[in-house]
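**Q** Structure file work20.tsv (TSV, C-alpha atoms) right here:
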chain	number	residue	atom	x	y	z
A	1	MET	CA	-22.60	-36.89	-110.07
A	2	ALA	CA	-24.24	-35.88	-113.34
A	3	LYS	CA	-24.09	-38.27	-116.25
A	4	PRO	CA	-21.00	-37.37	-118.32
A	5	LEU	CA	-22.59	-38.10	-121.70
A	6	ARG	CA	-25.34	-40.14	-123.35
A	7	ILE	CA	-24.70	-43.84	-122.82
A	8	GLY	CA	-25.59	-46.61	-125.24
A	9	SER	CA	-24.49	-49.98	-126.51
A	10	LEU	CA	-24.14	-51.92	-129.72
A	11	ILE	CA	-26.76	-54.58	-130.36
A	12	ASP	CA	-25.69	-58.16	-131.06
A	13	VAL	CA	-27.24	-58.25	-134.52
A	14	ASP	CA	-26.63	-61.95	-135.17
A	15	ARG	CA	-29.55	-63.03	-132.98
A	16	SER	CA	-33.16	-63.86	-133.74
A	17	LEU	CA	-35.66	-61.03	-133.92
A	18	ALA	CA	-37.15	-62.11	-130.58
A	19	ASP	CA	-33.71	-62.00	-128.97
A	20	THR	CA	-33.03	-58.59	-130.49
A	21	VAL	CA	-36.27	-57.29	-129.00
A	22	ALA	CA	-35.19	-58.75	-125.66
A	23	GLN	CA	-31.83	-56.99	-125.94
A	24	LEU	CA	-33.50	-53.66	-126.65
A	25	ARG	CA	-35.89	-54.14	-123.75
A	26	ARG	CA	-32.99	-54.89	-121.42
A	27	PHE	CA	-31.16	-51.76	-122.62
A	28	ALA	CA	-34.27	-49.61	-122.21
A	29	ASP	CA	-35.04	-51.01	-118.77
A	30	ALA	CA	-31.45	-50.31	-117.74
A	31	GLY	CA	-31.84	-46.64	-118.62
A	32	LEU	CA	-29.51	-46.60	-121.63
A	33	ASP	CA	-30.06	-43.66	-123.95
A	34	HIS	CA	-29.62	-45.54	-127.19
A	35	ALA	CA	-28.78	-48.82	-128.89
A	36	PHE	CA	-26.90	-49.01	-132.19
A	37	ALA	CA	-27.05	-51.68	-134.88
A	38	VAL	CA	-24.03	-52.21	-137.12
A	39	GLN	CA	-24.34	-52.73	-140.88
A	40	ILE	CA	-21.70	-55.25	-141.93
A	41	PHE	CA	-22.52	-58.78	-143.13
A	42	GLY	CA	-25.65	-59.53	-141.13
A	43	PRO	CA	-29.16	-58.10	-141.07
A	44	ASP	CA	-30.04	-54.77	-142.63
A	45	ALA	CA	-29.68	-52.34	-139.73
A	46	LEU	CA	-32.61	-50.07	-140.58
A	47	THR	CA	-35.01	-52.95	-141.14
A	48	LEU	CA	-33.90	-54.60	-137.89
A	49	LEU	CA	-34.35	-51.38	-135.91
A	50	ALA	CA	-37.81	-50.81	-137.37
A	51	ALA	CA	-38.94	-54.36	-136.61
A	52	ALA	CA	-37.46	-54.59	-133.13
A	53	GLY	CA	-37.60	-50.95	-132.09
A	54	ALA	CA	-41.32	-50.69	-132.75
A	55	GLN	CA	-41.80	-53.21	-129.93
A	56	VAL	CA	-39.62	-51.42	-127.36
A	57	PRO	CA	-40.42	-47.78	-126.56
A	58	GLY	CA	-38.22	-45.32	-124.77
A	59	ILE	CA	-34.77	-45.83	-126.26
A	60	GLY	CA	-32.93	-44.21	-129.16
A	61	LEU	CA	-32.13	-46.44	-132.13
A	62	GLY	CA	-28.93	-45.80	-134.05
A	63	THR	CA	-27.20	-47.18	-137.12
A	64	GLY	CA	-23.46	-47.54	-136.89
A	65	VAL	CA	-23.19	-47.04	-139.81
A	66	ILE	CA	-25.12	-47.39	-143.10
A	67	PRO	CA	-22.70	-47.42	-146.07
A	68	ILE	CA	-24.01	-44.90	-148.57
A	69	TYR	CA	-22.75	-46.35	-151.84
A	70	PRO	CA	-25.35	-49.13	-152.33
A	71	ARG	CA	-28.31	-46.84	-151.51
A	72	HIS	CA	-29.36	-43.81	-153.48
A	73	PRO	CA	-29.93	-40.94	-151.02
A	74	MET	CA	-33.63	-40.75	-151.90
A	75	MET	CA	-34.03	-44.44	-151.06
A	76	LEU	CA	-32.16	-43.98	-147.78
A	77	ALA	CA	-34.30	-40.97	-146.89
A	78	GLN	CA	-37.44	-43.03	-147.47
A	79	GLN	CA	-36.07	-45.88	-145.36
A	80	ALA	CA	-35.01	-43.57	-142.54
A	81	LEU	CA	-38.36	-41.77	-142.40
A	82	THR	CA	-40.15	-45.11	-142.45
A	83	VAL	CA	-38.10	-46.20	-139.41
A	84	GLN	CA	-39.14	-42.92	-137.79
A	85	LEU	CA	-42.75	-43.82	-138.50
A	86	ALA	CA	-42.37	-47.30	-137.01
A	87	THR	CA	-40.46	-46.17	-133.91
A	88	THR	CA	-42.10	-42.80	-133.11
A	89	ASN	CA	-39.12	-40.72	-134.19
A	90	ARG	CA	-36.31	-42.44	-132.30
A	91	LEU	CA	-33.83	-43.07	-135.12
A	92	ILE	CA	-30.26	-41.76	-135.05
A	93	LEU	CA	-29.07	-42.16	-138.64
A	94	GLY	CA	-25.38	-42.96	-138.78
A	95	ILE	CA	-23.98	-43.09	-142.32
A	96	GLY	CA	-20.52	-43.58	-143.76
A	97	LEU	CA	-18.41	-44.23	-146.81
A	98	SER	CA	-17.27	-47.73	-145.75
A	99	HIS	CA	-13.85	-48.63	-147.17
A	100	GLN	CA	-12.29	-48.90	-150.60
A	101	VAL	CA	-11.75	-52.63	-150.22
A	102	VAL	CA	-15.50	-53.06	-149.64
A	103	VAL	CA	-16.87	-50.56	-152.15
A	104	GLU	CA	-14.62	-51.65	-155.00
A	105	GLY	CA	-13.74	-55.20	-154.04
A	106	MET	CA	-17.18	-56.40	-152.93
A	107	TRP	CA	-19.64	-54.13	-154.71
A	108	GLY	CA	-17.71	-53.30	-157.88
A	109	MET	CA	-18.35	-49.58	-157.44
A	110	SER	CA	-15.94	-46.66	-157.77
A	111	PHE	CA	-14.42	-45.26	-154.59
A	112	ASP	CA	-13.06	-42.26	-156.49
A	113	LYS	CA	-13.30	-38.91	-154.66
A	114	PRO	CA	-15.15	-40.32	-151.62
A	115	ALA	CA	-15.47	-36.96	-149.82
A	116	ARG	CA	-16.99	-35.46	-152.96
A	117	TYR	CA	-19.44	-38.34	-153.11
A	118	MET	CA	-20.47	-37.78	-149.48
A	119	LYS	CA	-20.90	-34.04	-150.13
A	120	GLU	CA	-23.28	-34.72	-153.03
A	121	TYR	CA	-25.05	-37.41	-151.03
A	122	LEU	CA	-25.75	-35.09	-148.11
A	123	ALA	CA	-26.92	-32.36	-150.50
A	124	VAL	CA	-29.75	-34.74	-151.41
A	125	LEU	CA	-30.33	-36.61	-148.15
A	126	MET	CA	-30.55	-33.74	-145.69
A	127	PRO	CA	-33.25	-31.67	-147.46
A	128	LEU	CA	-35.29	-34.78	-148.27
A	129	LEU	CA	-35.33	-35.72	-144.59
A	130	GLN	CA	-36.51	-32.19	-143.79
A	131	GLY	CA	-39.51	-32.49	-146.12
A	132	GLU	CA	-38.07	-30.47	-148.99
A	133	THR	CA	-37.93	-31.15	-152.72
A	134	VAL	CA	-34.54	-31.65	-154.33
A	135	ASN	CA	-33.04	-30.90	-157.71
A	136	VAL	CA	-29.38	-31.86	-157.62
A	137	THR	CA	-27.11	-32.79	-160.52
A	138	GLY	CA	-23.63	-33.62	-159.36
A	139	GLU	CA	-20.60	-35.46	-160.70
A	140	ARG	CA	-21.78	-38.74	-159.19
A	141	LEU	CA	-25.39	-38.25	-158.07
A	142	THR	CA	-28.53	-36.88	-159.67
A	143	THR	CA	-31.84	-36.48	-157.87
A	144	ASN	CA	-34.96	-34.62	-159.01
A	145	THR	CA	-38.03	-34.89	-156.83
A	146	PHE	CA	-41.36	-33.36	-157.74
A	147	THR	CA	-42.89	-33.40	-154.26
A	148	PRO	CA	-41.59	-33.93	-150.73
A	149	LEU	CA	-41.43	-37.49	-149.48
A	150	GLU	CA	-44.86	-38.36	-148.16
A	151	VAL	CA	-44.14	-40.04	-144.84
A	152	ARG	CA	-46.50	-38.40	-142.40
A	153	ASP	CA	-46.18	-37.73	-138.67
A	154	VAL	CA	-42.39	-38.01	-138.61
A	155	THR	CA	-39.47	-35.71	-137.97
A	156	ALA	CA	-36.05	-35.80	-139.57
A	157	PRO	CA	-33.64	-38.01	-137.62
A	158	PRO	CA	-30.26	-36.60	-136.60
A	159	VAL	CA	-27.67	-37.60	-139.19
A	160	LEU	CA	-24.23	-38.56	-137.89
A	161	VAL	CA	-21.52	-38.94	-140.52
A	162	ALA	CA	-18.69	-41.37	-139.82
A	163	ALA	CA	-15.95	-38.78	-140.22
A	164	LEU	CA	-12.31	-39.08	-139.19
A	165	GLY	CA	-10.19	-36.94	-141.53
A	166	ASP	CA	-10.28	-33.14	-141.71
A	167	THR	CA	-12.29	-32.93	-144.94
A	168	MET	CA	-15.04	-35.25	-143.76
A	169	LEU	CA	-15.19	-33.71	-140.29
A	170	LYS	CA	-15.60	-30.22	-141.76
A	171	LEU	CA	-18.31	-31.48	-144.10
A	172	ALA	CA	-20.15	-33.20	-141.24
A	173	GLY	CA	-19.95	-30.04	-139.16
A	174	ARG	CA	-21.24	-27.80	-141.95
A	175	VAL	CA	-24.06	-30.00	-143.19
A	176	ALA	CA	-24.96	-32.87	-140.84
A	177	ASP	CA	-25.77	-33.19	-137.14
A	178	GLY	CA	-22.52	-34.68	-135.95
A	179	THR	CA	-20.22	-37.65	-136.26
A	180	VAL	CA	-19.78	-41.13	-134.88
A	181	THR	CA	-16.30	-42.63	-134.57
A	182	TRP	CA	-14.78	-46.07	-134.15
A	183	MET	CA	-11.25	-47.04	-133.12
A	184	THR	CA	-10.52	-43.44	-132.16
A	185	GLY	CA	-8.96	-42.82	-128.77
A	186	VAL	CA	-9.65	-40.12	-126.22
A	187	GLN	CA	-6.60	-37.98	-127.05
A	188	THR	CA	-7.55	-37.93	-130.73
A	189	ILE	CA	-11.14	-37.01	-129.88
A	190	ALA	CA	-9.84	-34.08	-127.83
A	191	SER	CA	-7.12	-32.84	-130.19
A	192	HIS	CA	-8.65	-33.61	-133.59
A	193	ILE	CA	-12.25	-34.82	-133.86
A	194	ALA	CA	-14.02	-32.43	-131.50
A	195	PRO	CA	-12.26	-29.17	-132.39
A	196	VAL	CA	-12.45	-29.67	-136.17
A	197	ILE	CA	-16.14	-30.61	-136.35
A	198	ARG	CA	-17.19	-28.01	-133.78
A	199	ASP	CA	-15.33	-25.24	-135.55
A	200	ALA	CA	-16.97	-26.18	-138.86
A	201	ALA	CA	-20.44	-26.23	-137.31
A	202	GLU	CA	-19.91	-22.89	-135.60
A	203	LYS	CA	-18.71	-21.24	-138.82
A	204	ALA	CA	-21.74	-22.61	-140.66
A	205	GLY	CA	-24.11	-21.29	-137.99
A	206	ARG	CA	-25.24	-24.77	-137.05
A	207	PRO	CA	-25.90	-26.16	-133.56
A	208	ALA	CA	-23.07	-27.82	-131.68
A	209	PRO	CA	-22.63	-31.26	-133.26
A	210	ARG	CA	-23.13	-34.59	-131.57
A	211	ILE	CA	-19.86	-36.50	-131.26
A	212	GLY	CA	-20.49	-40.20	-130.82
A	213	VAL	CA	-17.60	-42.42	-129.76
A	214	SER	CA	-17.75	-46.19	-130.02
A	215	LEU	CA	-15.00	-48.29	-128.47
A	216	PRO	CA	-14.46	-51.77	-127.07
A	217	ILE	CA	-15.08	-51.85	-123.34
A	218	SER	CA	-14.67	-54.45	-120.60
A	219	VAL	CA	-14.98	-54.25	-116.82
A	220	THR	CA	-12.55	-56.89	-115.65
A	221	VAL	CA	-9.82	-57.84	-113.20
A	222	ASP	CA	-7.91	-59.75	-115.90
A	223	ILE	CA	-6.72	-56.88	-118.05
A	224	ASP	CA	-4.19	-58.89	-120.07
A	225	ALA	CA	-6.84	-61.44	-121.08
A	226	ALA	CA	-9.22	-58.63	-122.04
A	227	TYR	CA	-6.58	-57.00	-124.23
A	228	GLU	CA	-5.88	-60.31	-125.93
A	229	ARG	CA	-9.58	-60.90	-126.57
A	230	ILE	CA	-10.09	-57.40	-127.94
A	231	ASN	CA	-7.12	-57.62	-130.30
A	232	GLU	CA	-8.33	-60.96	-131.57
A	233	GLU	CA	-11.93	-59.85	-132.06
A	234	PHE	CA	-11.06	-56.55	-133.74
A	235	ALA	CA	-7.89	-57.59	-135.56
A	236	ILE	CA	-9.07	-56.32	-138.97
A	237	TYR	CA	-9.53	-52.68	-138.02
A	238	PRO	CA	-5.90	-51.54	-137.56
A	239	ASN	CA	-5.34	-52.73	-141.15
A	240	LEU	CA	-7.98	-50.41	-142.63
A	241	PRO	CA	-6.42	-47.08	-143.66
A	242	SER	CA	-8.96	-44.74	-142.04
A	243	TYR	CA	-8.76	-46.46	-138.66
A	244	LYS	CA	-5.00	-46.87	-138.83
A	245	ALA	CA	-4.70	-43.11	-139.31
A	246	MET	CA	-6.64	-42.54	-136.09
A	247	LEU	CA	-4.59	-45.12	-134.20
A	248	ASP	CA	-1.42	-43.41	-135.46
A	249	LYS	CA	-2.68	-40.05	-134.17
A	250	GLU	CA	-3.26	-41.67	-130.79
A	251	GLY	CA	0.19	-43.27	-130.77
A	252	ALA	CA	-1.59	-46.63	-130.72
A	253	VAL	CA	-1.05	-49.82	-132.66
A	254	SER	CA	-3.87	-52.19	-131.77
A	255	ALA	CA	-7.54	-52.09	-130.84
A	256	ALA	CA	-6.65	-52.82	-127.22
A	257	ASP	CA	-4.57	-49.64	-127.10
A	258	VAL	CA	-7.73	-47.49	-127.41
A	259	ALA	CA	-10.15	-49.81	-125.59
A	260	ILE	CA	-11.67	-48.98	-122.21
A	261	VAL	CA	-10.58	-51.74	-119.84
A	262	GLY	CA	-10.23	-52.07	-116.07
A	263	ASP	CA	-12.27	-52.21	-112.90
A	264	GLU	CA	-15.40	-50.12	-112.37
A	265	ASP	CA	-13.52	-47.05	-111.16
A	266	ALA	CA	-11.05	-47.11	-114.05
A	267	VAL	CA	-13.75	-47.59	-116.68
A	268	ARG	CA	-15.92	-44.85	-115.21
A	269	ALA	CA	-12.94	-42.49	-115.25
A	270	SER	CA	-12.24	-43.34	-118.89
A	271	ILE	CA	-15.81	-42.55	-119.88
A	272	GLU	CA	-15.58	-39.24	-118.02
A	273	LYS	CA	-12.37	-38.47	-119.94
A	274	LEU	CA	-14.26	-39.02	-123.20
A	275	ALA	CA	-16.81	-36.44	-122.12
A	276	ASP	CA	-14.02	-34.02	-121.17
A	277	ALA	CA	-12.51	-34.59	-124.61
A	278	GLY	CA	-15.72	-33.46	-126.30
A	279	ALA	CA	-17.74	-36.63	-126.81
A	280	THR	CA	-21.50	-36.28	-126.38
A	281	ASP	CA	-22.42	-39.95	-126.82
A	282	PHE	CA	-20.72	-43.22	-125.94
A	283	VAL	CA	-21.65	-46.43	-127.75
A	284	ALA	CA	-20.20	-49.42	-125.94
A	285	SER	CA	-18.89	-52.46	-127.77
A	286	VAL	CA	-18.94	-54.78	-124.78
A	287	VAL	CA	-16.33	-57.53	-124.76
A	288	GLY	CA	-15.54	-60.27	-122.27
A	289	THR	CA	-16.73	-63.34	-120.46
A	290	ARG	CA	-20.34	-63.57	-119.35
A	291	GLU	CA	-19.38	-62.24	-115.92
A	292	GLU	CA	-17.34	-59.39	-117.39
A	293	ARG	CA	-20.12	-58.44	-119.80
A	294	ASP	CA	-22.62	-58.39	-116.93
A	295	ARG	CA	-20.33	-56.19	-114.84
A	296	THR	CA	-19.80	-53.86	-117.79
A	297	PHE	CA	-23.51	-53.61	-118.49
A	298	ALA	CA	-24.27	-52.93	-114.81
A	299	LEU	CA	-21.77	-50.07	-114.80
A	300	LEU	CA	-23.13	-48.61	-118.03
A	301	SER	CA	-26.62	-48.74	-116.56
A	302	GLU	CA	-25.43	-47.01	-113.39
A	303	ILE	CA	-23.76	-44.23	-115.39
A	304	ALA	CA	-26.78	-43.86	-117.69
A	305	ARG	CA	-29.12	-43.49	-114.72
A	306	SER	CA	-26.88	-41.00	-112.95
A	307	GLY	CA	-28.31	-38.12	-114.99
What do you get writing this file as structure tokens?
**A**
Amino acid sequence: MAKPLRIGSLIDVDRSLADTVAQLRRFADAGLDHAFAVQIFGPDALTLLAAAGAQVPGIGLGTGVIPIYPRHPMMLAQQALTVQLATTNRLILGIGLSHQVVVEGMWGMSFDKPARYMKEYLAVLMPLLQGETVNVTGERLTTNTFTPLEVRDVTAPPVLVAALGDTMLKLAGRVADGTVTWMTGVQTIASHIAPVIRDAAEKAGRPAPRIGVSLPISVTVDIDAAYERINEEFAIYPNLPSYKAMLDKEGAVSAADVAIVGDEDAVRASIEKLADAGATDFVASVVGTREERDRTFALLSEIARSG
């Protein structure tokens, strides 16, 4: 059977650099297509991927996702191209708005008109990554470059915008290379995410977008315990408006309601359903006991190698 979609996993970012390198090497040796680093309260994802990824060839390196507000798009373009330089062009640049409670409550920045801010941000970021000069004066962002960014021997990484609502999905389809989702179930991928972003890309004359889906996953015989663990570990997300909207679309209430849980056959079938729904990439957030995590990883490796 052909591989249903690209298979990857989140990195445990709270480890030492040596352990992170070991994780990446294990993922690469297992045939996974990519590994993603989250950007929350731990290490800087791009710096971590450059430092660790340079030591482990043969695997894609994604950010899931970089919040755009603290980084001017020119600075992010320079960082991203530098990661490309360090890792021989293996970066998958996931970016997002984050959440109002973070942007305003933690950083003291305005979250006003977030979609407008992302539109202006991409108007600067995308051409800079492509080696162009930029002269943009927007409501929130101004950038004037006199020469292209001088990072040699690199290519622009694919840019995946964390997009869930219609406006952001259409923007991602028109301008970026795709999207990456979290807490979004298979029915919502099929009925909302995939058709909206694909239609926008087609109308803009752009290639079919990548649609990355990240969900909790556990291969287990104790489904009730797995659900309890998932709801405890991811309890914050149903309370954030953007994720709650996706759970509502799915008819779900908790993280466990959209998680991929069961034995090997059930989990494999769920991943195949994601591909049927329009996903092109799966990024596993593996949850469980040591035994369950090992079983989950073994299945992911088997699926990844099936192509």
**Q** Do you know which residues are at most 9 Å from segment 110-125 of chain A counting all atoms listed in the file, after dropping those on the same chain fewer than 3 positions away, and could you put them as a ChimeraX atom specification?
**A** /A:68-69,72-74,76-77,96-97,99-101,103-104,107,128-130,134-143,167-168,171-172,175-176
**Q** Can you pull out every residue within 8 Å of Ala226 of chain A, counting all atoms listed in the file, but drop anything in the same chain fewer than 4 positions away, and send it as a PyMOL selection string?
**A** chain A and resi 218+220+222+230+261+287-288
**Q** Nearest residue to Ala259 of chain A out of A:Leu215, A:Leu240, A:Val186, A:Ala284, using all atoms listed in the file?
**A**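 Nearest candidate to Ala259 of chain A out of A:Leu215, A:Leu240, A:Val186, A:Ala284: A:Leu215.
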**Q** Could I get the residues of segment 89-127 of chain A with an atom no further than 8 Å from an atom of segment 61-66 of chain A, each paired with its nearest atom pair and that distance in Å to one decimal, using all atoms listed in the file, sorted by chain and residue number, as a tab-separated table?
**A**
residue	atom	partner	partner_atom	distance
A:Arg90	CA	A:Leu61	CA	5.8
A:Leu91	CA	A:Leu61	CA	4.8
A:Ile92	CA	A:Gly62	CA	4.4
A:Leu93	CA	A:Thr63	CA	5.6
A:Gly94	CA	A:Val65	CA	4.7
A:Ile95	CA	A:Ile66	CA	4.5
A:Gly96	CA	A:Val65	CA	5.9
**Q** Kindly indicate which residue among A:Val286, A:Ala45, A:Ala269, A:Met246 lies nearest to Met183 of chain A, using all atoms listed in the file for the distances.
**A**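 Counting all atoms listed in the file, the residue closest to Met183 of chain A is A:Met246.
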**Q** Ranking A:Ser285, A:Val213, A:Val267, A:Gly307 by minimum distance to Phe234 of chain A and counting all atoms listed in the file, which one comes first?
**A** A:Ser285
**Q** What does the distance between atom CA of Ser254 of chain A and atom CA of Pro216 of chain A come to in Å, to one decimal place?
**A**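 According to the coordinates, atom CA of Ser254 of chain A and atom CA of Pro216 of chain A are separated by 11.6 Å.
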**Q** So, with all atoms listed in the file as the atoms that count, which of A:Pro127, A:Pro57, A:Pro43, A:Pro209 lies closest to Asn89 of chain A?
**A**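 For Asn89 of chain A, the nearest of the given residues is A:Pro57.
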**Q** Any idea what the distance is between atom CA of Glu302 of chain A and atom CA of Lys3 of chain A?
**A**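 It comes out at 9.3 Å.
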**Q** Using all atoms listed in the file, which protein or nucleic acid residues come within 9 Å of Val196 of chain A? Drop anything in the same chain fewer than 2 positions from it, and give the result as a ChimeraX atom specification.
**A** /A:166,169-170,173,191-194,198-201
**Q** When you draw a straight line from atom CA of Ala279 of chain A to atom CA of Ala304 of chain A, how long is it in Å?
**A**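 Here the two named atoms are 14.7 Å from each other.
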**Q** For Thr88 of chain A, find every residue with an atom within 10 Å (counting all atoms listed in the file), except residues of its own chain fewer than 3 positions away, and show them as a PyMOL selection string.
**A** chain A and resi 53-54+57-58+82-85+91+153-155
**Q** Counting all atoms listed in the file, which residue out of A:Ile236, A:Leu48, A:Ile211, A:Ile223 sits closest to Gln79 of chain A?
**A**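 When distances to Gln79 of chain A are compared using all atoms listed in the file, the smallest one comes from A:Leu48.
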**Q** Of the residues A:Gly185, A:Arg305, A:Leu24, A:Gly278, which is the one nearest to Lys249 of chain A, using only C-alpha atoms?
**A**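 Counting only C-alpha atoms, the residue closest to Lys249 of chain A is A:Gly185.
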**Q** I need segment 242-257 of chain A from the structure I supplied, saved as a PDB file, in the first residue's frame with N, CA, C and O atoms retained.
**A**
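Heads up, here's the output in selection23.pdb:
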ATOM      1  N   SER A 242      -9.739  30.165  18.706  1.00  0.00           N
ATOM      2  CA  SER A 242      -9.536  29.625  17.359  1.00  0.00           C
ATOM      3  C   SER A 242      -9.663  28.113  17.344  1.00  0.00           C
ATOM      4  O   SER A 242     -10.243  27.530  16.402  1.00  0.00           O
ATOM      5  N   TYR A 243      -9.152  27.449  18.380  1.00  0.00           N
ATOM      6  CA  TYR A 243      -9.264  25.991  18.429  1.00  0.00           C
ATOM      7  C   TYR A 243     -10.674  25.553  18.811  1.00  0.00           C
ATOM      8  O   TYR A 243     -11.176  24.546  18.297  1.00  0.00           O
ATOM      9  N   LYS A 244     -11.316  26.302  19.684  1.00  0.00           N
ATOM     10  CA  LYS A 244     -12.693  25.961  20.045  1.00  0.00           C
ATOM     11  C   LYS A 244     -13.597  26.019  18.822  1.00  0.00           C
ATOM     12  O   LYS A 244     -14.495  25.178  18.656  1.00  0.00           O
ATOM     13  N   ALA A 245     -13.356  26.992  17.939  1.00  0.00           N
ATOM     14  CA  ALA A 245     -14.165  27.091  16.728  1.00  0.00           C
ATOM     15  C   ALA A 245     -14.019  25.845  15.863  1.00  0.00           C
ATOM     16  O   ALA A 245     -15.003  25.367  15.274  1.00  0.00           O
ATOM     17  N   MET A 246     -12.803  25.297  15.785  1.00  0.00           N
ATOM     18  CA  MET A 246     -12.600  24.089  15.000  1.00  0.00           C
ATOM     19  C   MET A 246     -13.223  22.872  15.677  1.00  0.00           C
ATOM     20  O   MET A 246     -13.788  21.996  15.007  1.00  0.00           O
ATOM     21  N   LEU A 247     -13.123  22.803  17.001  1.00  0.00           N
ATOM     22  CA  LEU A 247     -13.769  21.703  17.720  1.00  0.00           C
ATOM     23  C   LEU A 247     -15.283  21.773  17.540  1.00  0.00           C
ATOM     24  O   LEU A 247     -15.952  20.744  17.360  1.00  0.00           O
ATOM     25  N   ASP A 248     -15.842  22.982  17.572  1.00  0.00           N
ATOM     26  CA  ASP A 248     -17.277  23.144  17.368  1.00  0.00           C
ATOM     27  C   ASP A 248     -17.690  22.650  15.978  1.00  0.00           C
ATOM     28  O   ASP A 248     -18.726  21.995  15.819  1.00  0.00           O
ATOM     29  N   LYS A 249     -16.890  22.982  14.960  1.00  0.00           N
ATOM     30  CA  LYS A 249     -17.197  22.514  13.608  1.00  0.00           C
ATOM     31  C   LYS A 249     -17.221  20.989  13.540  1.00  0.00           C
ATOM     32  O   LYS A 249     -18.003  20.394  12.786  1.00  0.00           O
ATOM     33  N   GLU A 250     -16.351  20.376  14.331  1.00  0.00           N
ATOM     34  CA  GLU A 250     -16.228  18.918  14.328  1.00  0.00           C
ATOM     35  C   GLU A 250     -17.325  18.260  15.162  1.00  0.00           C
ATOM     36  O   GLU A 250     -17.504  17.039  15.112  1.00  0.00           O
ATOM     37  N   GLY A 251     -18.047  19.071  15.954  1.00  0.00           N
ATOM     38  CA  GLY A 251     -18.977  18.503  16.914  1.00  0.00           C
ATOM     39  C   GLY A 251     -18.258  17.889  18.095  1.00  0.00           C
ATOM     40  O   GLY A 251     -18.751  16.954  18.732  1.00  0.00           O
ATOM     41  N   ALA A 252     -17.066  18.429  18.393  1.00  0.00           N
ATOM     42  CA  ALA A 252     -16.214  17.914  19.463  1.00  0.00           C
ATOM     43  C   ALA A 252     -16.152  18.907  20.612  1.00  0.00           C
ATOM     44  O   ALA A 252     -16.436  20.102  20.445  1.00  0.00           O
ATOM     45  N   VAL A 253     -15.756  18.395  21.765  1.00  0.00           N
ATOM     46  CA  VAL A 253     -15.652  19.240  22.950  1.00  0.00           C
ATOM     47  C   VAL A 253     -14.233  19.285  23.475  1.00  0.00           C
ATOM     48  O   VAL A 253     -13.726  20.346  23.848  1.00  0.00           O
ATOM     49  N   SER A 254     -13.556  18.146  23.480  1.00  0.00           N
ATOM     50  CA  SER A 254     -12.245  18.039  24.099  1.00  0.00           C
ATOM     51  C   SER A 254     -11.195  17.613  23.094  1.00  0.00           C
ATOM     52  O   SER A 254     -11.498  17.195  21.972  1.00  0.00           O
ATOM     53  N   ALA A 255      -9.933  17.690  23.521  1.00  0.00           N
ATOM     54  CA  ALA A 255      -8.824  17.257  22.665  1.00  0.00           C
ATOM     55  C   ALA A 255      -8.949  15.782  22.300  1.00  0.00           C
ATOM     56  O   ALA A 255      -8.645  15.377  21.169  1.00  0.00           O
ATOM     57  N   ALA A 256      -9.409  14.973  23.245  1.00  0.00           N
ATOM     58  CA  ALA A 256      -9.537  13.536  22.979  1.00  0.00           C
ATOM     59  C   ALA A 256     -10.536  13.246  21.865  1.00  0.00           C
ATOM     60  O   ALA A 256     -10.422  12.238  21.161  1.00  0.00           O
ATOM     61  N   ASP A 257     -11.509  14.137  21.686  1.00  0.00           N
ATOM     62  CA  ASP A 257     -12.529  13.920  20.670  1.00  0.00           C
ATOM     63  C   ASP A 257     -11.965  13.967  19.247  1.00  0.00           C
ATOM     64  O   ASP A 257     -12.591  13.436  18.318  1.00  0.00           O
TER      65      ASP A 257
END
